[in-house]
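> Structure provided below as structure tokens; questions to follow.
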Amino acid sequence: MTARHAVRGLFIFGLAVVIRATPWQRVMTDSDGVLLTTGDPYFHMWRIWNSASNSIPLAARDPFANFPSGGEILWSPAFDWMLATIIRWIGLSQPAAELFCAWVPVFLGAAAVTLAAHIAWNTFSPAAGWTTGLVLAVLRSNFIYTQLGYLDHHAAVTLIGTMMLGGAMYVVSEHRSVSRYWPLLAGALCAFALSIWAGALLHIGVLQIAMLAWGPAATSREPAITRTYQIAFAHALTALAIWPLSTREWEIFGNFHPLALTLFQPIFFGAGAVCLLSASLLWSMTPAGETRARRLLSFLILGVGGLIVAFALIPELAAVLDRSAGWFTGDIEFLANIRETAPLFSSAAAGLPDGKPGWHSATKLFSPLFFILPLSMAAVVWRTSRPERWLLIFWTAAFCVLTLAQNRFMNTFSIPFVIVCGAAVSVLIEWLKRRFANTWIQKAAPALVGLAVALIVFAPAWPHYAPDLRPNPYSQSEARRSAFRSAARWLANSRPIRVGEAGLPMAGLLTNWGLAHEIRYYSNWPMNQDGFGPYVSPQNVKLANRYFEAQNEERAVTILGKMRTRYVLTDTTGGGQGPYHYNSMTGRLASYHGSGGFVKIENTEKLRWVPALTRHRLVFEAADERKGIWLYEIVPGAVVTGSATPDSVVAISLELESDSGKNLRWATRRRTDKEGEFRIRVPYATVGAPSSAIHSLGQYQLRTEQGVVATFDVTEDALQQGLKIPAPNVVESHSSSEGGVEGGSSLEDTEE
């Protein structure tokens, strides 16, 4: 490598780093420290820090996921293990570890951009290399998974995929400097990719198809046999290398499934090695290897035969593949809530409001260059038989199809997409120079084309970068995250998790699955459900949805009992799979704050009383861009018993105040029976209550229809033990000038 090449690479690498660091104001904050992108980055950080600090060993099962059973985490371990090892070796504190991990995706992404530019430079021209590097540096589809704070294994997968593509292109070019040991490197790289993410099997599969066509397609028998032996060796090495990580028996996936590291991967590569070796032996011993057509046909027959044998020997193979297809087909309902699984031509893919034109997301993520990709691909392979260019086109087409189906592949697809576009730009420049020889256009062609490409790429990208370049960028979504984060930190400080003799947590927290990873990290409480959804906690996802939809508190509390839930943290989005009825638990927690209240019946002037919650005690609230977020503790509740006028309504209320100074009121009501008896459960203590961000202002007030008012206290012991408390004698108490129960006798709490 010359000094010029090194300077070029450093410039592109530095530019990519600067662009990916633009969210620094949102990530490195004065008040909250380092804030990662919400979602998966926080579970990576959770695993990394717990492993580095030896709090929780890095294992497939995490007791703080899918509580109380614990969750088997389907992510391969290498990414988190490597970062945890570095942090432990350096001896970083937790804040320093967060800062270090926030920068990891930036440097991985910048390395992928630099490598892609190098591939384009060597395969096509300097113009293609510069175009690839500069466009990838700012292209949003490449930026998202590699921006500052987006700690995720997909950043590593993109770099590994780029290495796969570049290495394969180099091998098939049959350059004289290609090492005879490339199968060793290929096998090691494939095994490493799988140890980072089991889904990398897709990347390897695309490359397999290309290499399996390249092997037997040699011009003569001997090179074809040699190539196929080499590919077989790479398969065998991958199988052996990944085997030690693939022997686990998963509760959800069993021991044979492509979505997690199981025996599927080593068997898949081992069977491939056997088929390839068989083909090589067949070609060396029979006329089947004499011509390219015979080799391809015999190889196809061997492959089909191998599949038939596989389906015969492994009865569950068909069912496993069908279930895995749900990852793409959307058969799993939960996936509809995840943006990254949305098709590219959808509003959700780019986070745009519904109703935006489908093409808008592709423009925002890939620029208008996406719509001339077929022309660019044609320009790359026009009148050429160079195999490395055809491999690039195949890789580009494959990941274009995958990205059209699910935009989660956009980061991997962005690499070959821009290389192809860069090559097409260099072809266009050369054509302009020839077409307008000896004119000013010939000299200005690179500048004119470069300016046009810059405008086409940067114009749709600028609205995305501009907000982060303003002083103190802040959005409504950040306000919501901040509110949830404040609740999590309050919980960690005021109600730390208790663990049993085995060191396992004794109770869990239920919240919106989309923010659960972040809440777990800051609260140190186990989650009943989180962003892994049915892939880790299938039963809890169903229970959580039933809870937030429930319109009866006792049934809802029974559901929480199955999950051993102690706290519920929510806003108007509930569990994350709405919409929800106003009388659902979500509506009553987020809109009425657990109190009873009036609601207007649709298309009428009548009011309906929404029952109060008597087993949910509000302990923390914070404002966000919606109505707020609310943290509730599940309590047995004390039962107030007493007598009043028969067949009349008795109401109980308690004035509350939050630490922020917000006044709240909890109210409930109940109709007495024919003997005048009533029984009302209450969720707050006025005496001996533990430290909380919500405080009672005085005593409970009991009011009858006749305007009789009395006050009483409830102790924390009575509340936690579910004891009965005699109510004051309202029959003999004084009447209030304020009148009787609001709403009259026609309204009562029917659930208590």
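Identifiers in the structure tokens: chain A, B, ... in order shown; residue index from 1 per chain; ligand index from 1 in order shown.
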Can you list, as an MDAnalysis selection string, every protein, DNA or RNA residue that comes within 12 Å of Gly642 of chain A when you count only C-alpha atoms, leaving out same-chain residues fewer than 6 positions away?
chainID A and resid 650:652 670:673 675:681 702 704 710 712 724:731
> So that I can check the surroundings of Pro611 of chain A, please list as a PyMOL selection string every protein, DNA and RNA residue that reaches within 12 Å of it, counting only C-alpha atoms and ignoring chain neighbours fewer than 2 positions away.
chain A and resi 551-554+582-585+587-589+592-599+608-609+613-614+651+666-670+680-681+747-752
> Can you list, as a list of chain:residue names, every protein, DNA or RNA residue that comes within 9 Å of Ala16 of chain A when you count only C-alpha atoms, leaving out same-chain residues fewer than 6 positions away?
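The residues that qualify are A:Val106, A:Phe107, A:Gly109, A:Ala110, A:Ala111, A:Val113, A:Thr114, A:Gly133, A:Leu134, A:Leu136, A:Ala137, A:Val138, A:Phe143.
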> Save the residues we just selected, N, CA and C atoms, as a PDB file, in the first residue's frame?

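What ended up in again_26.pdb:
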```
ATOM      1  N   VAL A 106     -19.436   3.446  15.530  1.00  0.00           N
ATOM      2  CA  VAL A 106     -18.887   4.492  14.664  1.00  0.00           C
ATOM      3  C   VAL A 106     -17.647   3.984  13.934  1.00  0.00           C
ATOM      4  N   PHE A 107     -16.733   3.384  14.674  1.00  0.00           N
ATOM      5  CA  PHE A 107     -15.486   2.924  14.067  1.00  0.00           C
ATOM      6  C   PHE A 107     -15.694   1.674  13.211  1.00  0.00           C
ATOM      7  N   GLY A 109     -18.462   1.094  11.514  1.00  0.00           N
ATOM      8  CA  GLY A 109     -19.079   1.607  10.292  1.00  0.00           C
ATOM      9  C   GLY A 109     -18.088   2.327   9.406  1.00  0.00           C
ATOM     10  N   ALA A 110     -17.223   3.131  10.001  1.00  0.00           N
ATOM     11  CA  ALA A 110     -16.217   3.846   9.218  1.00  0.00           C
ATOM     12  C   ALA A 110     -15.254   2.878   8.551  1.00  0.00           C
ATOM     13  N   ALA A 111     -14.921   1.783   9.240  1.00  0.00           N
ATOM     14  CA  ALA A 111     -14.038   0.766   8.649  1.00  0.00           C
ATOM     15  C   ALA A 111     -14.706   0.111   7.444  1.00  0.00           C
ATOM     16  N   VAL A 113     -17.000   1.474   5.492  1.00  0.00           N
ATOM     17  CA  VAL A 113     -17.014   2.471   4.410  1.00  0.00           C
ATOM     18  C   VAL A 113     -15.653   2.523   3.721  1.00  0.00           C
ATOM     19  N   THR A 114     -14.590   2.543   4.499  1.00  0.00           N
ATOM     20  CA  THR A 114     -13.235   2.608   3.937  1.00  0.00           C
ATOM     21  C   THR A 114     -12.921   1.367   3.119  1.00  0.00           C
ATOM     22  N   GLY A 133     -16.700   5.915  -1.299  1.00  0.00           N
ATOM     23  CA  GLY A 133     -16.365   6.361   0.044  1.00  0.00           C
ATOM     24  C   GLY A 133     -17.154   7.577   0.488  1.00  0.00           C
ATOM     25  N   LEU A 134     -17.263   8.583  -0.384  1.00  0.00           N
ATOM     26  CA  LEU A 134     -17.931   9.826  -0.012  1.00  0.00           C
ATOM     27  C   LEU A 134     -19.437   9.637   0.117  1.00  0.00           C
ATOM     28  N   LEU A 136     -21.090   6.709   0.728  1.00  0.00           N
ATOM     29  CA  LEU A 136     -21.379   5.853   1.883  1.00  0.00           C
ATOM     30  C   LEU A 136     -21.221   6.611   3.195  1.00  0.00           C
ATOM     31  N   ALA A 137     -20.314   7.550   3.226  1.00  0.00           N
ATOM     32  CA  ALA A 137     -20.087   8.298   4.466  1.00  0.00           C
ATOM     33  C   ALA A 137     -21.334   9.042   4.914  1.00  0.00           C
ATOM     34  N   VAL A 138     -22.167   9.496   3.958  1.00  0.00           N
ATOM     35  CA  VAL A 138     -23.339  10.307   4.311  1.00  0.00           C
ATOM     36  C   VAL A 138     -24.658   9.595   4.076  1.00  0.00           C
ATOM     37  N   PHE A 143     -25.739   4.860   7.645  1.00  0.00           N
ATOM     38  CA  PHE A 143     -25.489   5.618   8.872  1.00  0.00           C
ATOM     39  C   PHE A 143     -26.243   5.045  10.076  1.00  0.00           C
TER      40      PHE A 143
END
```
> Step one, run DSSP on the backbone; step two, keep only residues of segment 555-709 of chain A assigned to strand (DSSP E or B); then write them as a PyMOL selection string.
chain A and resi 565-570+597-600+607-610+616-622+629-634+638-643+649-658+663-671+677-682+687+694-696+700-704+708-709
> Restricting the calculation to only C-alpha atoms, which member of A:Val425, A:Lys674, A:Val714, A:Gly33 is positioned closest to Asp647 of chain A?
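Nearest to Asp647 of chain A: A:Lys674.
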> Enter the distance from atom CA of Asn50 of chain A to atom CA of Phe409 of chain A, in Å, rounded to one decimal.
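Interatomic distance, atom CA of Asn50 of chain A to atom CA of Phe409 of chain A: 29.3 Å.
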> List the neighbours of Arg47 of chain A out to 12 Å using only C-alpha atoms; skip same-chain residues closer than 2 positions along the sequence, and give me the result as a count of residues only.
43
> Could you list, as a ChimeraX atom specification, every residue within 6 Å of segment 289-293 of chain A, counting only C-alpha atoms and ignoring same-chain residues fewer than 2 positions away?
/A:217,221,283,287,295-296
> Kindly export the residues of the current selection with all heavy atoms, as a PDB file, in the first residue's frame.

```pdb
ATOM      1  N   ALA A 217     -17.798 -23.888 -12.730  1.00  0.00           N
ATOM      2  CA  ALA A 217     -17.853 -23.142 -13.990  1.00  0.00           C
ATOM      3  C   ALA A 217     -16.474 -22.828 -14.555  1.00  0.00           C
ATOM      4  O   ALA A 217     -16.362 -22.071 -15.535  1.00  0.00           O
ATOM      5  CB  ALA A 217     -18.629 -21.842 -13.790  1.00  0.00           C
ATOM      6  N   ARG A 221     -11.439 -29.141 -16.409  1.00  0.00           N
ATOM      7  CA  ARG A 221     -11.711 -30.032 -15.288  1.00  0.00           C
ATOM      8  C   ARG A 221     -10.843 -29.736 -14.063  1.00  0.00           C
ATOM      9  O   ARG A 221     -11.360 -29.601 -12.952  1.00  0.00           O
ATOM     10  CB  ARG A 221     -11.473 -31.481 -15.736  1.00  0.00           C
ATOM     11  CG  ARG A 221     -11.834 -32.499 -14.641  1.00  0.00           C
ATOM     12  CD  ARG A 221     -11.158 -33.857 -14.899  1.00  0.00           C
ATOM     13  NE  ARG A 221     -11.520 -34.419 -16.166  1.00  0.00           N
ATOM     14  CZ  ARG A 221     -12.345 -35.461 -16.341  1.00  0.00           C
ATOM     15  NH1 ARG A 221     -12.898 -36.023 -15.285  1.00  0.00           N
ATOM     16  NH2 ARG A 221     -12.591 -35.922 -17.545  1.00  0.00           N
ATOM     17  N   TRP A 283     -16.100 -35.741 -10.487  1.00  0.00           N
ATOM     18  CA  TRP A 283     -15.536 -35.126 -11.691  1.00  0.00           C
ATOM     19  C   TRP A 283     -14.150 -35.691 -12.016  1.00  0.00           C
ATOM     20  O   TRP A 283     -13.770 -35.756 -13.190  1.00  0.00           O
ATOM     21  CB  TRP A 283     -15.434 -33.614 -11.504  1.00  0.00           C
ATOM     22  CG  TRP A 283     -16.773 -32.965 -11.302  1.00  0.00           C
ATOM     23  CD1 TRP A 283     -17.991 -33.452 -11.665  1.00  0.00           C
ATOM     24  CD2 TRP A 283     -17.011 -31.711 -10.650  1.00  0.00           C
ATOM     25  NE1 TRP A 283     -18.995 -32.591 -11.298  1.00  0.00           N
ATOM     26  CE2 TRP A 283     -18.427 -31.494 -10.673  1.00  0.00           C
ATOM     27  CE3 TRP A 283     -16.206 -30.745 -10.067  1.00  0.00           C
ATOM     28  CZ2 TRP A 283     -19.021 -30.358 -10.125  1.00  0.00           C
ATOM     29  CZ3 TRP A 283     -16.793 -29.622  -9.534  1.00  0.00           C
ATOM     30  CH2 TRP A 283     -18.181 -29.426  -9.560  1.00  0.00           C
ATOM     31  N   PRO A 287     -16.676 -39.122 -16.563  1.00  0.00           N
ATOM     32  CA  PRO A 287     -16.822 -38.102 -17.613  1.00  0.00           C
ATOM     33  C   PRO A 287     -17.670 -36.912 -17.188  1.00  0.00           C
ATOM     34  O   PRO A 287     -17.754 -35.923 -17.929  1.00  0.00           O
ATOM     35  CB  PRO A 287     -17.494 -38.878 -18.747  1.00  0.00           C
ATOM     36  CG  PRO A 287     -17.169 -40.304 -18.498  1.00  0.00           C
ATOM     37  CD  PRO A 287     -17.125 -40.457 -17.022  1.00  0.00           C
ATOM     38  N   ARG A 295     -20.471 -30.609 -15.493  1.00  0.00           N
ATOM     39  CA  ARG A 295     -20.150 -30.352 -14.087  1.00  0.00           C
ATOM     40  C   ARG A 295     -21.304 -29.637 -13.386  1.00  0.00           C
ATOM     41  O   ARG A 295     -21.682 -29.996 -12.262  1.00  0.00           O
ATOM     42  CB  ARG A 295     -18.865 -29.527 -13.979  1.00  0.00           C
ATOM     43  CG  ARG A 295     -17.605 -30.277 -14.369  1.00  0.00           C
ATOM     44  CD  ARG A 295     -16.357 -29.514 -13.963  1.00  0.00           C
ATOM     45  NE  ARG A 295     -16.235 -28.235 -14.649  1.00  0.00           N
ATOM     46  CZ  ARG A 295     -15.641 -28.050 -15.822  1.00  0.00           C
ATOM     47  NH1 ARG A 295     -15.117 -29.087 -16.471  1.00  0.00           N
ATOM     48  NH2 ARG A 295     -15.554 -26.848 -16.364  1.00  0.00           N
ATOM     49  N   LEU A 296     -21.859 -28.642 -14.048  1.00  0.00           N
ATOM     50  CA  LEU A 296     -22.970 -27.907 -13.447  1.00  0.00           C
ATOM     51  C   LEU A 296     -24.187 -28.811 -13.262  1.00  0.00           C
ATOM     52  O   LEU A 296     -24.853 -28.774 -12.214  1.00  0.00           O
ATOM     53  CB  LEU A 296     -23.328 -26.698 -14.310  1.00  0.00           C
ATOM     54  CG  LEU A 296     -22.307 -25.542 -14.300  1.00  0.00           C
ATOM     55  CD1 LEU A 296     -22.657 -24.514 -15.355  1.00  0.00           C
ATOM     56  CD2 LEU A 296     -22.263 -24.881 -12.922  1.00  0.00           C
TER      57      LEU A 296
END
```
> Check which residues of segment 117-199 of chain A sit at most 12 Å from segment 263-269 of chain A using only C-alpha atoms, and return one row each with the closest pair of atoms and their distance in Å to one decimal, ordered by chain and rising number, as a tab-separated table.

```
residue	atom	partner	partner_atom	distance
A:Gly187	CA	A:Phe269	CA	9.9
A:Cys190	CA	A:Phe269	CA	10.2
A:Ala191	CA	A:Gln265	CA	9.5
A:Ala193	CA	A:Gln265	CA	11.8
A:Leu194	CA	A:Gln265	CA	8.6
A:Ser195	CA	A:Gln265	CA	10.8
A:Trp197	CA	A:Gln265	CA	11.9
A:Ala198	CA	A:Gln265	CA	8.6
A:Gly199	CA	A:Gln265	CA	10.7
```
> Pick out the residues sitting within 7 Å of segment 531-536 of chain A, and hand them over as a list of chain:residue names; count only C-alpha atoms, and ignore anything fewer than 3 positions along from it in its own chain.
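The neighbour list is A:Gly39, A:Asn66, A:Gly71, A:Glu72, A:Ile73, A:Phe334, A:Trp513, A:Gly514, A:Ala516, A:His517, A:Val541.
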> So that I have them on file, write out the residues from the current selection with all heavy atoms, as a PDB file, in the first residue's frame.

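Output contents, as saved in result01.pdb:
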```pdb
ATOM      1  N   GLY A  39     -33.682   0.679  22.714  1.00  0.00           N
ATOM      2  CA  GLY A  39     -33.914  -0.635  22.110  1.00  0.00           C
ATOM      3  C   GLY A  39     -32.750  -1.576  22.348  1.00  0.00           C
ATOM      4  O   GLY A  39     -32.148  -1.620  23.433  1.00  0.00           O
ATOM      5  N   ASN A  66     -37.681 -12.205  30.437  1.00  0.00           N
ATOM      6  CA  ASN A  66     -38.752 -13.205  30.520  1.00  0.00           C
ATOM      7  C   ASN A  66     -38.951 -13.657  31.961  1.00  0.00           C
ATOM      8  O   ASN A  66     -39.097 -14.838  32.245  1.00  0.00           O
ATOM      9  CB  ASN A  66     -38.429 -14.413  29.628  1.00  0.00           C
ATOM     10  CG  ASN A  66     -39.593 -15.377  29.524  1.00  0.00           C
ATOM     11  OD1 ASN A  66     -40.754 -14.979  29.451  1.00  0.00           O
ATOM     12  ND2 ASN A  66     -39.301 -16.666  29.535  1.00  0.00           N
ATOM     13  N   GLY A  71     -34.901 -15.691  30.427  1.00  0.00           N
ATOM     14  CA  GLY A  71     -34.981 -15.715  28.967  1.00  0.00           C
ATOM     15  C   GLY A  71     -33.721 -16.246  28.320  1.00  0.00           C
ATOM     16  O   GLY A  71     -32.607 -15.880  28.712  1.00  0.00           O
ATOM     17  N   GLU A  72     -33.903 -17.105  27.337  1.00  0.00           N
ATOM     18  CA  GLU A  72     -32.782 -17.585  26.539  1.00  0.00           C
ATOM     19  C   GLU A  72     -32.545 -16.590  25.407  1.00  0.00           C
ATOM     20  O   GLU A  72     -33.391 -16.425  24.530  1.00  0.00           O
ATOM     21  CB  GLU A  72     -33.081 -18.969  25.975  1.00  0.00           C
ATOM     22  CG  GLU A  72     -33.122 -20.050  27.020  1.00  0.00           C
ATOM     23  CD  GLU A  72     -33.308 -21.429  26.409  1.00  0.00           C
ATOM     24  OE1 GLU A  72     -34.134 -21.560  25.495  1.00  0.00           O
ATOM     25  OE2 GLU A  72     -32.631 -22.366  26.841  1.00  0.00           O
ATOM     26  N   ILE A  73     -31.408 -15.912  25.441  1.00  0.00           N
ATOM     27  CA  ILE A  73     -31.109 -14.850  24.488  1.00  0.00           C
ATOM     28  C   ILE A  73     -30.546 -15.463  23.220  1.00  0.00           C
ATOM     29  O   ILE A  73     -29.495 -16.111  23.245  1.00  0.00           O
ATOM     30  CB  ILE A  73     -30.115 -13.833  25.086  1.00  0.00           C
ATOM     31  CG1 ILE A  73     -30.609 -13.392  26.471  1.00  0.00           C
ATOM     32  CG2 ILE A  73     -29.943 -12.653  24.154  1.00  0.00           C
ATOM     33  CD1 ILE A  73     -32.015 -12.841  26.494  1.00  0.00           C
ATOM     34  N   PHE A 334     -46.151 -10.269  16.264  1.00  0.00           N
ATOM     35  CA  PHE A 334     -45.335  -9.298  16.995  1.00  0.00           C
ATOM     36  C   PHE A 334     -44.454  -8.480  16.061  1.00  0.00           C
ATOM     37  O   PHE A 334     -44.186  -7.307  16.305  1.00  0.00           O
ATOM     38  CB  PHE A 334     -44.479 -10.041  18.020  1.00  0.00           C
ATOM     39  CG  PHE A 334     -43.625  -9.155  18.876  1.00  0.00           C
ATOM     40  CD1 PHE A 334     -44.145  -8.537  19.996  1.00  0.00           C
ATOM     41  CD2 PHE A 334     -42.291  -8.936  18.564  1.00  0.00           C
ATOM     42  CE1 PHE A 334     -43.355  -7.724  20.793  1.00  0.00           C
ATOM     43  CE2 PHE A 334     -41.495  -8.121  19.353  1.00  0.00           C
ATOM     44  CZ  PHE A 334     -42.036  -7.517  20.475  1.00  0.00           C
ATOM     45  N   TRP A 513     -42.894  -3.092  25.695  1.00  0.00           N
ATOM     46  CA  TRP A 513     -41.759  -3.916  25.259  1.00  0.00           C
ATOM     47  C   TRP A 513     -40.693  -3.089  24.553  1.00  0.00           C
ATOM     48  O   TRP A 513     -39.502  -3.406  24.623  1.00  0.00           O
ATOM     49  CB  TRP A 513     -42.240  -5.035  24.329  1.00  0.00           C
ATOM     50  CG  TRP A 513     -42.859  -4.550  23.038  1.00  0.00           C
ATOM     51  CD1 TRP A 513     -44.179  -4.338  22.786  1.00  0.00           C
ATOM     52  CD2 TRP A 513     -42.165  -4.207  21.831  1.00  0.00           C
ATOM     53  NE1 TRP A 513     -44.361  -3.885  21.505  1.00  0.00           N
ATOM     54  CE2 TRP A 513     -43.146  -3.791  20.893  1.00  0.00           C
ATOM     55  CE3 TRP A 513     -40.833  -4.217  21.456  1.00  0.00           C
ATOM     56  CZ2 TRP A 513     -42.811  -3.387  19.598  1.00  0.00           C
ATOM     57  CZ3 TRP A 513     -40.504  -3.797  20.161  1.00  0.00           C
ATOM     58  CH2 TRP A 513     -41.487  -3.399  19.256  1.00  0.00           C
ATOM     59  N   GLY A 514     -41.091  -2.002  23.877  1.00  0.00           N
ATOM     60  CA  GLY A 514     -40.136  -1.238  23.087  1.00  0.00           C
ATOM     61  C   GLY A 514     -39.088  -0.515  23.912  1.00  0.00           C
ATOM     62  O   GLY A 514     -37.998  -0.221  23.423  1.00  0.00           O
ATOM     63  N   ALA A 516     -38.298  -1.627  27.168  1.00  0.00           N
ATOM     64  CA  ALA A 516     -37.959  -2.493  28.299  1.00  0.00           C
ATOM     65  C   ALA A 516     -36.454  -2.690  28.463  1.00  0.00           C
ATOM     66  O   ALA A 516     -35.958  -2.762  29.592  1.00  0.00           O
ATOM     67  CB  ALA A 516     -38.655  -3.845  28.144  1.00  0.00           C
ATOM     68  N   HIS A 517     -35.702  -2.810  27.359  1.00  0.00           N
ATOM     69  CA  HIS A 517     -34.250  -2.981  27.478  1.00  0.00           C
ATOM     70  C   HIS A 517     -33.626  -1.795  28.208  1.00  0.00           C
ATOM     71  O   HIS A 517     -32.755  -1.966  29.075  1.00  0.00           O
ATOM     72  CB  HIS A 517     -33.607  -3.108  26.096  1.00  0.00           C
ATOM     73  CG  HIS A 517     -33.905  -4.397  25.400  1.00  0.00           C
ATOM     74  ND1 HIS A 517     -34.072  -5.585  26.063  1.00  0.00           N
ATOM     75  CD2 HIS A 517     -34.045  -4.690  24.071  1.00  0.00           C
ATOM     76  CE1 HIS A 517     -34.302  -6.555  25.188  1.00  0.00           C
ATOM     77  NE2 HIS A 517     -34.297  -6.036  23.987  1.00  0.00           N
ATOM     78  N   VAL A 541     -45.450 -12.393  26.493  1.00  0.00           N
ATOM     79  CA  VAL A 541     -45.965 -11.408  25.537  1.00  0.00           C
ATOM     80  C   VAL A 541     -47.484 -11.502  25.454  1.00  0.00           C
ATOM     81  O   VAL A 541     -48.198 -10.493  25.439  1.00  0.00           O
ATOM     82  CB  VAL A 541     -45.324 -11.619  24.153  1.00  0.00           C
ATOM     83  CG1 VAL A 541     -46.067 -10.821  23.083  1.00  0.00           C
ATOM     84  CG2 VAL A 541     -43.861 -11.201  24.175  1.00  0.00           C
TER      85      VAL A 541
END
```
